[in-house]
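Student: Input final-v9.csv, format and content: CSV, C-alpha atoms.
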```csv
chain,number,residue,atom,x,y,z
A,31,MET,CA,74.8,143.4,76.8
A,32,ASP,CA,72.2,144.3,79.4
A,33,VAL,CA,68.9,144.6,77.5
A,34,ASN,CA,65.7,143.9,79.4
A,35,LEU,CA,62.1,143.2,78.5
A,36,ASP,CA,60.8,146.6,79.6
A,37,GLN,CA,63.2,148.3,77.2
A,38,LEU,CA,62.1,146.1,74.4
A,39,ARG,CA,58.4,146.6,75.2
A,40,ALA,CA,58.9,150.4,75.2
A,41,PHE,CA,60.8,150.2,71.9
A,42,ALA,CA,58.1,148.1,70.2
A,43,GLU,CA,55.3,150.4,71.4
A,44,VAL,CA,57.0,153.6,70.1
A,45,ALA,CA,57.7,151.8,66.8
A,46,SER,CA,54.0,150.8,66.6
A,47,LEU,CA,52.5,154.2,67.5
A,48,GLY,CA,55.3,156.4,66.0
A,49,ASN,CA,55.0,158.8,69.0
A,50,PHE,CA,56.7,158.8,72.4
A,51,THR,CA,53.8,160.5,74.2
A,52,ARG,CA,51.2,158.1,73.0
A,53,ALA,CA,53.4,155.1,73.7
A,54,ALA,CA,54.0,156.3,77.2
A,55,ASP,CA,50.3,156.6,77.7
A,56,ALA,CA,49.7,153.1,76.3
A,57,LEU,CA,52.3,151.6,78.7
A,58,HIS,CA,51.1,153.7,81.7
A,59,LEU,CA,54.5,155.3,82.0
A,60,ALA,CA,55.6,158.9,82.4
A,61,GLN,CA,57.1,160.1,79.2
A,62,PRO,CA,60.5,160.8,80.8
A,63,SER,CA,60.6,157.2,82.0
A,64,LEU,CA,59.9,155.8,78.6
A,65,SER,CA,62.5,158.1,77.0
A,66,ARG,CA,65.1,156.9,79.5
A,67,GLN,CA,64.3,153.3,78.6
A,68,ILE,CA,64.8,153.9,74.9
A,69,ALA,CA,68.0,155.9,75.5
A,70,SER,CA,69.4,153.1,77.7
A,71,LEU,CA,68.5,150.6,75.0
A,72,GLU,CA,70.2,152.6,72.3
A,73,GLN,CA,73.3,153.0,74.5
A,74,GLU,CA,73.4,149.3,75.1
A,75,LEU,CA,73.1,148.5,71.4
A,76,GLY,CA,75.4,151.4,70.3
A,77,ALA,CA,73.0,152.7,67.7
A,78,GLU,CA,70.1,155.1,67.4
A,79,LEU,CA,66.8,153.4,66.9
A,80,PHE,CA,64.5,156.3,66.0
A,81,HIS,CA,64.6,159.4,63.9
A,82,ARG,CA,63.0,161.9,66.3
A,83,ALA,CA,61.0,164.8,64.9
A,84,ARG,CA,58.1,167.0,66.1
A,85,SER,CA,55.8,165.2,63.7
A,86,GLY,CA,56.7,161.8,65.2
A,87,SER,CA,59.4,159.2,65.4
A,88,THR,CA,60.4,156.7,62.7
A,89,LEU,CA,62.7,153.8,62.8
A,90,THR,CA,66.3,154.0,61.7
A,91,SER,CA,67.8,151.1,59.8
A,92,ALA,CA,69.1,149.7,63.2
A,93,GLY,CA,65.5,150.1,64.6
A,94,GLU,CA,64.0,148.2,61.6
A,95,THR,CA,66.5,145.4,62.2
A,96,LEU,CA,65.7,145.2,65.9
A,97,LEU,CA,61.9,145.4,65.6
A,98,PRO,CA,61.1,141.8,64.5
A,99,LEU,CA,63.7,140.4,67.0
A,100,ALA,CA,62.1,142.5,69.8
A,101,ARG,CA,58.6,141.3,68.9
A,102,ARG,CA,59.7,137.7,68.9
A,103,MET,CA,61.4,138.0,72.3
A,104,LEU,CA,58.4,139.7,73.8
A,105,ALA,CA,56.1,136.9,72.3
A,106,ASP,CA,58.4,134.2,73.8
A,107,ALA,CA,58.4,135.9,77.2
A,108,ALA,CA,54.6,136.1,77.1
A,109,SER,CA,54.4,132.4,76.1
A,110,VAL,CA,56.7,131.5,79.1
A,111,ARG,CA,54.5,133.4,81.5
A,112,ARG,CA,51.4,131.8,80.1
A,113,GLU,CA,52.9,128.3,80.4
A,114,LEU,CA,53.9,128.9,84.0
A,115,ALA,CA,50.6,130.4,84.9
A,116,GLU,CA,48.8,127.4,83.4
A,117,LEU,CA,51.0,125.0,85.3
A,118,ALA,CA,50.6,126.9,88.5
A,119,GLY,CA,46.8,126.8,88.2
A,120,LEU,CA,47.0,123.3,86.8
A,121,ARG,CA,45.1,124.2,83.7
A,122,ARG,CA,47.2,121.7,81.8
A,123,GLY,CA,49.7,118.9,82.6
A,124,ARG,CA,49.9,115.2,82.9
A,125,VAL,CA,50.1,112.7,85.7
A,126,ARG,CA,51.0,109.0,85.1
A,127,LEU,CA,50.0,107.0,88.2
A,128,GLY,CA,50.5,103.3,88.9
A,129,ALA,CA,48.7,101.3,91.6
A,130,THR,CA,48.0,97.8,92.6
A,131,PRO,CA,44.6,96.2,91.9
A,132,THR,CA,43.3,96.4,95.5
A,133,LEU,CA,44.2,100.1,95.6
A,134,CYS,CA,42.6,100.8,92.3
A,135,ILE,CA,39.2,99.7,93.6
A,136,SER,CA,39.5,101.7,96.8
A,137,LEU,CA,42.0,104.5,97.5
A,138,VAL,CA,42.9,105.3,93.9
A,139,ALA,CA,39.2,105.6,92.9
A,140,GLU,CA,38.7,108.4,95.4
A,141,VAL,CA,42.1,110.0,94.6
A,142,LEU,CA,41.4,110.3,90.9
A,143,SER,CA,37.8,111.5,91.5
A,144,ALA,CA,39.0,114.3,93.8
A,145,PHE,CA,41.9,115.3,91.6
A,146,HIS,CA,39.9,115.4,88.4
A,147,THR,CA,37.1,117.4,90.0
A,148,ALA,CA,39.6,120.0,91.1
A,149,HIS,CA,41.8,119.9,87.9
A,150,PRO,CA,39.8,118.6,85.0
A,151,SER,CA,42.3,119.8,82.3
A,152,VAL,CA,45.2,117.7,83.6
A,153,GLU,CA,45.6,114.5,81.6
A,154,LEU,CA,45.6,111.3,83.7
A,155,HIS,CA,47.0,107.9,83.0
A,156,LEU,CA,46.7,104.8,85.2
A,157,SER,CA,48.7,101.6,85.2
A,158,GLU,CA,47.2,98.7,87.3
A,159,GLN,CA,49.5,95.8,88.2
A,160,GLY,CA,51.5,94.3,91.1
A,161,SER,CA,54.1,96.3,93.0
A,162,ARG,CA,57.1,94.7,91.3
A,163,GLY,CA,55.7,95.6,87.8
A,164,LEU,CA,54.9,99.1,88.9
A,165,LEU,CA,58.5,99.6,90.2
A,166,ASP,CA,59.7,98.4,86.8
A,167,GLU,CA,57.6,101.0,85.0
A,168,LEU,CA,58.7,103.7,87.5
A,169,ALA,CA,62.4,102.8,86.8
A,170,GLY,CA,61.8,102.9,83.1
A,171,GLY,CA,60.3,106.4,83.1
A,172,GLU,CA,56.8,105.2,82.2
A,173,LEU,CA,55.2,106.4,85.5
A,174,ASP,CA,55.5,109.6,87.6
A,175,LEU,CA,54.2,108.0,90.8
A,176,ALA,CA,53.3,104.5,92.0
A,177,LEU,CA,51.2,103.4,94.9
A,178,ILE,CA,52.7,100.1,96.1
A,179,THR,CA,52.2,97.7,98.9
A,180,THR,CA,55.4,96.6,100.5
A,181,SER,CA,56.2,94.1,103.1
A,182,SER,CA,60.0,94.7,103.0
A,183,ALA,CA,62.5,97.0,101.4
A,184,GLU,CA,66.1,96.6,100.3
A,185,ALA,CA,68.4,99.6,100.5
A,186,ALA,CA,68.9,101.3,97.1
A,187,GLU,CA,68.8,104.7,95.5
A,188,ARG,CA,66.4,104.2,92.7
A,189,PHE,CA,63.2,105.3,94.3
A,190,THR,CA,62.0,107.7,96.9
A,191,VAL,CA,59.3,105.9,98.9
A,192,THR,CA,57.0,107.5,101.5
A,193,PRO,CA,54.9,105.2,103.7
A,194,LEU,CA,51.3,106.4,103.8
A,195,LEU,CA,49.1,103.8,105.5
A,196,GLU,CA,49.5,100.6,107.5
A,197,GLU,CA,46.4,98.4,107.3
A,198,GLU,CA,45.3,95.0,108.6
A,199,LEU,CA,44.1,92.1,106.6
A,200,VAL,CA,40.5,91.2,107.7
A,201,VAL,CA,38.2,88.3,107.1
A,202,VAL,CA,35.0,89.2,105.1
A,203,SER,CA,31.7,87.4,104.8
A,204,SER,CA,28.3,88.2,103.4
A,205,ALA,CA,26.3,90.7,105.5
A,206,ALA,CA,23.2,88.6,104.6
A,207,ALA,CA,24.6,85.4,106.2
A,208,ALA,CA,25.0,84.5,109.8
A,209,ARG,CA,27.9,86.1,111.6
A,210,LEU,CA,31.2,84.3,111.6
A,211,THR,CA,31.6,84.9,115.3
A,212,ARG,CA,30.0,87.0,118.0
A,213,ARG,CA,33.5,88.3,118.8
A,214,THR,CA,35.2,91.2,117.1
A,215,THR,CA,38.1,89.0,116.1
A,216,ILE,CA,38.8,85.6,114.5
A,217,THR,CA,41.9,83.5,114.5
A,218,LEU,CA,43.7,82.1,111.5
A,219,ALA,CA,42.9,78.6,112.7
A,220,GLU,CA,39.2,79.4,112.8
A,221,VAL,CA,39.4,80.9,109.3
A,222,ALA,CA,41.1,77.6,108.0
A,223,ALA,CA,37.9,75.7,108.9
A,224,LEU,CA,35.6,78.0,106.9
A,225,PRO,CA,34.9,77.7,103.1
A,226,GLN,CA,37.3,80.2,101.6
A,227,ILE,CA,37.7,82.1,98.3
A,228,VAL,CA,41.4,82.8,97.5
A,229,PHE,CA,43.0,85.1,95.0
A,230,SER,CA,44.9,84.4,91.8
A,231,SER,CA,48.5,83.3,92.3
A,232,SER,CA,49.6,86.6,90.6
A,233,TYR,CA,48.5,88.4,93.8
A,234,ASP,CA,51.3,88.7,96.4
A,235,LEU,CA,48.4,88.8,98.9
A,236,ARG,CA,47.8,85.2,98.0
A,237,SER,CA,51.4,84.3,98.7
A,238,THR,CA,51.3,86.1,102.1
A,239,THR,CA,48.1,84.3,103.3
A,240,ASP,CA,49.4,80.9,102.0
A,241,ALA,CA,52.6,81.4,103.9
A,242,ALA,CA,50.7,82.3,107.1
A,243,PHE,CA,48.7,79.1,106.9
A,244,GLU,CA,51.7,77.0,106.2
A,245,LEU,CA,53.7,78.6,109.1
A,246,ALA,CA,50.8,77.8,111.4
A,247,GLY,CA,50.5,74.3,110.1
A,248,LEU,CA,47.0,74.8,108.8
A,249,VAL,CA,45.4,73.7,105.6
A,250,PRO,CA,42.5,76.1,104.6
A,251,GLU,CA,39.3,74.8,103.1
A,252,VAL,CA,39.3,76.4,99.6
A,253,VAL,CA,36.1,76.4,97.7
A,254,LEU,CA,37.3,78.6,94.8
A,255,GLU,CA,40.7,79.9,93.8
A,256,GLY,CA,42.2,82.0,91.0
A,257,ALA,CA,39.8,85.0,91.2
A,258,GLU,CA,40.6,88.7,90.9
A,259,MET,CA,39.7,91.2,93.7
A,260,ASP,CA,36.3,92.3,92.3
A,261,ALA,CA,35.2,88.7,91.7
A,262,VAL,CA,36.3,87.6,95.1
A,263,LEU,CA,34.2,90.3,96.8
A,264,ARG,CA,31.2,89.5,94.6
A,265,PHE,CA,31.4,85.8,95.5
A,266,VAL,CA,31.7,86.6,99.1
A,267,GLU,CA,28.6,88.9,98.9
A,268,ARG,CA,26.7,85.9,97.4
A,269,GLY,CA,27.6,83.7,100.4
A,270,LEU,CA,30.0,81.4,98.5
A,271,GLY,CA,32.6,81.7,101.2
A,272,VAL,CA,34.9,84.0,103.2
A,273,ALA,CA,38.0,85.8,102.1
A,274,ILE,CA,41.0,87.5,103.6
A,275,VAL,CA,41.3,90.9,102.2
A,276,PRO,CA,42.9,94.4,103.0
A,277,ALA,CA,40.6,96.4,105.2
A,278,MET,CA,40.5,99.2,102.7
A,279,VAL,CA,38.4,97.4,100.2
A,280,LEU,CA,35.5,97.2,102.6
A,281,ILE,CA,34.8,101.0,102.6
A,282,ASP,CA,31.4,101.7,101.0
A,283,ARG,CA,30.5,98.0,100.6
A,284,PRO,CA,27.5,97.4,102.8
A,285,ALA,CA,26.9,93.9,101.4
A,286,LEU,CA,30.0,92.7,103.2
A,287,ARG,CA,30.8,92.2,106.9
A,288,SER,CA,34.4,92.1,108.3
A,289,VAL,CA,36.1,90.7,111.3
A,290,ARG,CA,39.6,91.5,112.5
A,291,LEU,CA,42.1,88.6,111.9
A,292,VAL,CA,44.3,87.8,114.9
A,293,GLU,CA,46.8,85.1,115.9
A,294,PRO,CA,48.5,86.3,113.8
A,295,VAL,CA,47.6,89.8,112.8
A,296,LEU,CA,48.6,90.3,109.1
A,297,THR,CA,49.3,93.8,107.9
A,298,ARG,CA,50.5,95.6,104.8
A,299,THR,CA,52.1,99.0,104.3
A,300,ILE,CA,50.9,101.3,101.4
A,301,SER,CA,53.6,103.6,100.1
A,302,LEU,CA,54.0,106.2,97.5
A,303,ALA,CA,57.0,105.8,95.2
A,304,ARG,CA,58.6,108.1,92.8
A,305,PRO,CA,61.9,108.3,90.9
A,306,ALA,CA,64.6,109.5,93.3
A,307,ASP,CA,66.5,111.6,90.7
A,308,VAL,CA,63.6,113.5,89.1
A,309,ALA,CA,61.9,116.6,90.5
A,310,PRO,CA,58.1,116.2,90.2
A,311,ALA,CA,56.2,118.5,87.9
A,312,ALA,CA,53.6,120.9,89.3
A,313,ALA,CA,50.7,118.5,88.5
A,314,VAL,CA,52.5,115.5,90.0
A,315,GLY,CA,53.2,117.5,93.2
A,316,VAL,CA,49.5,118.3,93.6
A,317,MET,CA,48.7,114.6,92.9
A,318,GLN,CA,51.1,113.6,95.7
A,319,ARG,CA,49.3,115.9,98.1
A,320,THR,CA,45.9,114.6,97.0
A,321,ILE,CA,47.0,111.0,97.6
A,322,ALA,CA,48.3,111.9,101.1
A,323,ALA,CA,45.0,113.7,102.0
A,324,THR,CA,42.9,110.9,100.7
A,325,ALA,CA,44.9,108.4,102.7
A,326,THR,CA,44.3,110.3,105.8
A,327,GLY,CA,40.6,110.3,105.2
A,328,PHE,CA,40.7,106.5,104.7
A,329,ALA,CA,42.5,106.0,107.9
A,330,GLU,CA,39.9,108.1,109.8
A,331,ARG,CA,37.0,106.2,108.3
A,332,SER,CA,38.4,102.7,108.9
A,333,GLY,CA,38.8,102.7,112.7
A,334,VAL,CA,41.4,100.3,114.2
A,335,THR,CA,42.1,98.4,111.0
A,336,MET,CA,44.1,101.1,109.3
A,337,ARG,CA,46.5,103.8,110.6
A,338,ARG,CA,48.3,106.7,109.0
A,339,VAL,CA,52.1,106.3,109.0
A,340,GLY,CA,53.2,109.1,106.8
A,341,PRO,CA,54.6,111.5,105.9
A,342,LEU,CA,57.8,109.8,107.1
A,343,ALA,CA,61.4,110.2,106.2
A,344,PRO,CA,61.6,108.6,102.7
A,345,SER,CA,63.0,105.1,102.6
A,346,SER,CA,64.6,103.4,99.7
A,347,VAL,CA,63.1,100.5,97.8
A,348,GLY,CA,65.4,98.1,96.0
A,349,SER,CA,65.0,96.3,92.8
A,350,PRO,CA,61.6,95.3,91.4
A,351,ALA,CA,62.2,92.0,93.1
A,352,SER,CA,61.3,93.6,96.5
A,353,GLN,CA,58.3,92.0,98.1
A,354,GLY,CA,54.9,93.6,97.9
A,355,LEU,CA,51.3,92.8,98.6
A,356,VAL,CA,48.9,93.5,95.7
```
How does this structure look as structure tokens?
Tutor:
Amino acid sequence: MDVNLDQLRAFAEVASLGNFTRAADALHLAQPSLSRQIASLEQELGAELFHRARSGSTLTSAGETLLPLARRMLADAASVRRELAELAGLRRGRVRLGATPTLCISLVAEVLSAFHTAHPSVELHLSEQGSRGLLDELAGGELDLALITTSSAEAAERFTVTPLLEEELVVVSSAAAARLTRRTTITLAEVAALPQIVFSSSYDLRSTTDAAFELAGLVPEVVLEGAEMDAVLRFVERGLGVAIVPAMVLIDRPALRSVRLVEPVLTRTISLARPADVAPAAAVGVMQRTIAATATGFAERSGVTMRRVGPLAPSSVGSPASQGLV
């Protein structure tokens, strides 16, 4: 059977108005065109649908049987068109985004602000935790996207991962205090001699800096340990000590001053991960583009401490045991 929506729409209009001429006018069709649609529908169904008379057209028993079905099919088609139009215009939808704590107070804040301003009707959900936990949630279908910070990747097919930014770790101090150095850089050995605030052990960033000091045979002077990112930055602002942090968190923080860390240079790569076997919904696709555009803006504002590395060919990230910097 080859019945189309135009035929059903013509049939329903004639049934409603009881007249071919008025129905053709309502549908902005020439009457011969409407008559051909009805005739083709009757031929496909093998039954007459109207009793035709000069006074008007009334439904046959076959037409009475078809009318509620036709109206339901037309309503369903209208609903589909409306749903697709809403998705295309992002007038509805949902995005579940995961990100590490350092990204939530920097990149993600700008991403969500820009996305919500442009698409206020899209429902947003945010999960904040370390990269390994985010990959767990991504694998379990609890997230659509995850912004992770990886230092290595094992080959696997579970996730599609696109690197976005590579940024350096820098040393921060209070802008109100004396400068750490008159140079634009500071060595890890020099940092070890300064009072330092270090992160909670749950931060992979803490593990990375600890490993760097150990490899260099250095023992840092720690005045406070166990703090979360926001607290670390507040303590540094108050002059309690210095801290090694990702360059990104310094954007729009005038109370802090940063110096590039060298000998060695420590970096992290920020990547966007999504399930490899799931096509992103419309809202998720727009969120991906918003993240990429915001990452580019961050790189341009940061100078030499951050550079755009994507979009690149996606790489695979292995199990949630893969290393990451929070």
Student: Atom CA of Asp106 of chain A and atom CA of Val316 of chain A are how many Å apart?
Tutor: 26.9 Å
Student: Quick one: contact table of segment 71-173 of chain A to segment 256-274 of chain A, 10 Å max, nearest atom pair and distance in Å to one decimal per residue, counting only C-alpha atoms, chain and number order, as a Markdown table?
Tutor:
```
| residue | atom | partner | partner_atom | distance |
| --- | --- | --- | --- | --- |
| A:Pro131 | CA | A:Met259 | CA | 7.2 |
| A:Thr132 | CA | A:Met259 | CA | 6.6 |
| A:Ile135 | CA | A:Asp260 | CA | 8.1 |
```
Student: Taking into account all atoms listed in the file, which residue in the set A:Glu78, A:Gly48, A:Leu154, A:Leu96 is nearest to Val314 of chain A?
Tutor: A:Leu154
Student: Just give me the gap between atom CA of Ala105 of chain A and atom CA of Thr51 of chain A in Å, one decimal is fine.
Tutor: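 Distance between the two atoms: 23.8 Å.
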Student: Can you tell me which residues surround Glu251 of chain A at a distance of at most 8 Å, considering all atoms listed in the file, apart from same-chain residues fewer than 2 positions away, and format the answer as number ranges by chain?
Tutor: A: 222-226, 249, 253
Student: Would you compute the distance between atom CA of Val289 of chain A and atom CA of Gly128 of chain A? Give it in Å to one decimal.
Tutor: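 According to the coordinates, atom CA of Val289 of chain A and atom CA of Gly128 of chain A are separated by 29.5 Å.
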Student: Quick one: residues within 8 Å of (47.4, 107.0, 108.8) (file frame), counting only C-alpha atoms, please, as a list in words.
Tutor: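 Residues with an atom at most 8 Å from (47.4, 107.0, 108.8): Leu194, Leu195, Glu196, Ala325, Thr326, Phe328, Ala329, Glu330, Met336, Arg337, Arg338, Val339 and Gly340 of chain A.
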Student: Convert the current residue selection to file output with C-alpha atoms, as a PDB file, keeping the file's coordinate frame.
Tutor:
```pdb
ATOM      1  CA  LEU A 194      51.300 106.400 103.800  1.00  0.00           C
ATOM      2  CA  LEU A 195      49.100 103.800 105.500  1.00  0.00           C
ATOM      3  CA  GLU A 196      49.500 100.600 107.500  1.00  0.00           C
ATOM      4  CA  ALA A 325      44.900 108.400 102.700  1.00  0.00           C
ATOM      5  CA  THR A 326      44.300 110.300 105.800  1.00  0.00           C
ATOM      6  CA  PHE A 328      40.700 106.500 104.700  1.00  0.00           C
ATOM      7  CA  ALA A 329      42.500 106.000 107.900  1.00  0.00           C
ATOM      8  CA  GLU A 330      39.900 108.100 109.800  1.00  0.00           C
ATOM      9  CA  MET A 336      44.100 101.100 109.300  1.00  0.00           C
ATOM     10  CA  ARG A 337      46.500 103.800 110.600  1.00  0.00           C
ATOM     11  CA  ARG A 338      48.300 106.700 109.000  1.00  0.00           C
ATOM     12  CA  VAL A 339      52.100 106.300 109.000  1.00  0.00           C
ATOM     13  CA  GLY A 340      53.200 109.100 106.800  1.00  0.00           C
TER      14      GLY A 340
END
```
Student: Which is closest to Gly171 of chain A among A:Ser151, A:Phe41, A:Leu296, A:Phe189, if we use all atoms listed in the file?
Tutor: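 Among the listed residues, the smallest separation from Gly171 of chain A belongs to A:Phe189.
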Student: Between A:Leu280, A:Ala53, A:Leu133, A:Val141, single out the one closest to Ser161 of chain A, counting all atoms listed in the file.
Tutor: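 Among the listed residues, A:Leu133 lies closest to Ser161 of chain A.
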Student: Write out as a list in words each polymer residue whose atoms come within 10 Å of segment 57-70 of chain A, counting all atoms listed in the file; drop sequence neighbours fewer than 2 positions from it.
Tutor: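 Returned residues: Asp32, Val33, Asn34, Asp36, Gln37, Leu38, Arg39, Ala40, Phe41, Glu43, Val44, Phe50, Thr51, Arg52, Ala53, Ala54, Asp55, Glu72, Gln73, Glu74, Leu75, Gly76, Ala77, Glu78, Leu79 and Phe80 of chain A.
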Student: Need the shell around Val138 of chain A: protein/DNA/RNA residues with any atom at most 9 Å away, counting all atoms listed in the file. Skip same-chain ones fewer than 6 positions apart. Format as a list in words?
Tutor: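 Contacts, with the query itself left out: Ala129, Leu177, Ile321 and Thr324 of chain A.
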Student: For Leu164 of chain A, please output as a PyMOL selection string all residues within 8 Å (counting all atoms listed in the file; exclusion window: fewer than 2 positions along the same chain).
Tutor: chain A and resi 128-130+157-162+166-168+176+178
Student: Could the residues in this selection be written to a file with C-alpha atoms, as a PDB file, in the frame of the given file?
Tutor:
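What landed in part_25.pdb:
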```
ATOM      1  CA  GLY A 128      50.500 103.300  88.900  1.00  0.00           C
ATOM      2  CA  ALA A 129      48.700 101.300  91.600  1.00  0.00           C
ATOM      3  CA  THR A 130      48.000  97.800  92.600  1.00  0.00           C
ATOM      4  CA  SER A 157      48.700 101.600  85.200  1.00  0.00           C
ATOM      5  CA  GLU A 158      47.200  98.700  87.300  1.00  0.00           C
ATOM      6  CA  GLN A 159      49.500  95.800  88.200  1.00  0.00           C
ATOM      7  CA  GLY A 160      51.500  94.300  91.100  1.00  0.00           C
ATOM      8  CA  SER A 161      54.100  96.300  93.000  1.00  0.00           C
ATOM      9  CA  ARG A 162      57.100  94.700  91.300  1.00  0.00           C
ATOM     10  CA  ASP A 166      59.700  98.400  86.800  1.00  0.00           C
ATOM     11  CA  GLU A 167      57.600 101.000  85.000  1.00  0.00           C
ATOM     12  CA  LEU A 168      58.700 103.700  87.500  1.00  0.00           C
ATOM     13  CA  ALA A 176      53.300 104.500  92.000  1.00  0.00           C
ATOM     14  CA  ILE A 178      52.700 100.100  96.100  1.00  0.00           C
TER      15      ILE A 178
END
```
Student: Of the candidates A:Val279, A:Leu35, A:Thr88, A:Val252, which one gets nearest to Leu47 of chain A if we count all atoms listed in the file?
Tutor: A:Thr88
Student: For Arg287 of chain A, which residue among A:Thr217, A:Ser301, A:Ser232, A:Ser203 is the nearest when counting only C-alpha atoms?
Tutor: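 The closest residue to Arg287 of chain A is A:Ser203.
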Student: Got a sec: who's within 12 Å of Leu245 of chain A, counting all atoms listed in the file, leaving out chain neighbours fewer than 3 positions off, as a PyMOL selection string?
Tutor: chain A and resi 218-219+238-242+248-249+293-294
Student: As AutoDock Vina command-line options, please report the centre and edge lengths, rounded to one decimal in Å, of the axis-aligned box that holds all listed atoms of segment 103-110 of chain A with 6 Å of padding on each of the six sides.
Tutor:
```
--center_x 57.9 --center_y 135.6 --center_z 75.7 --size_x 19.0 --size_y 20.2 --size_z 18.8
```
Student: From the list A:Ala83, A:Leu254, A:Leu175, A:Val228, which residue is nearest Val202 of chain A when using only C-alpha atoms?
Tutor: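 Using only C-alpha atoms, the shortest distance to Val202 of chain A belongs to A:Val228.
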Student: Can segment 105-111 of chain A be brought up to all heavy atoms and written out as a compact mmCIF listing (two decimals), keeping the file's coordinate frame?
Tutor:
```txt
# COMPACT_ATOMS: atom_id res chain seq x y z
N ALA A 105 57.09 138.03 72.49
CA ALA A 105 56.10 136.90 72.30
C ALA A 105 56.57 135.70 73.09
O ALA A 105 55.77 135.02 73.74
CB ALA A 105 55.92 136.63 70.86
N ASP A 106 57.87 135.39 73.03
CA ASP A 106 58.40 134.20 73.80
C ASP A 106 58.24 134.42 75.25
O ASP A 106 57.88 133.47 75.98
CB ASP A 106 59.88 134.03 73.41
CG ASP A 106 60.09 133.49 71.99
OD1 ASP A 106 59.10 133.00 71.41
OD2 ASP A 106 61.22 133.57 71.49
N ALA A 107 58.50 135.62 75.73
CA ALA A 107 58.40 135.90 77.20
C ALA A 107 56.91 135.73 77.61
O ALA A 107 56.61 135.19 78.67
CB ALA A 107 58.86 137.30 77.49
N ALA A 108 55.98 136.20 76.77
CA ALA A 108 54.60 136.10 77.10
C ALA A 108 54.15 134.60 77.12
O ALA A 108 53.36 134.17 77.96
CB ALA A 108 53.72 136.84 76.08
N SER A 109 54.71 133.83 76.20
CA SER A 109 54.40 132.40 76.10
C SER A 109 54.90 131.69 77.40
O SER A 109 54.21 130.84 77.96
CB SER A 109 55.04 131.78 74.90
OG SER A 109 54.80 130.39 74.86
N VAL A 110 56.10 132.05 77.85
CA VAL A 110 56.70 131.50 79.10
C VAL A 110 55.78 131.79 80.27
O VAL A 110 55.46 130.92 81.09
CB VAL A 110 58.10 131.94 79.30
CG1 VAL A 110 58.58 131.56 80.69
CG2 VAL A 110 59.03 131.34 78.25
N ARG A 111 55.37 133.05 80.37
CA ARG A 111 54.50 133.40 81.50
C ARG A 111 53.18 132.69 81.47
O ARG A 111 52.68 132.26 82.50
CB ARG A 111 54.25 134.96 81.45
CG ARG A 111 55.42 135.81 81.93
CD ARG A 111 54.98 137.24 82.20
NE ARG A 111 54.46 137.87 81.01
CZ ARG A 111 55.21 138.51 80.11
NH1 ARG A 111 56.51 138.61 80.30
NH2 ARG A 111 54.66 139.07 79.06
```
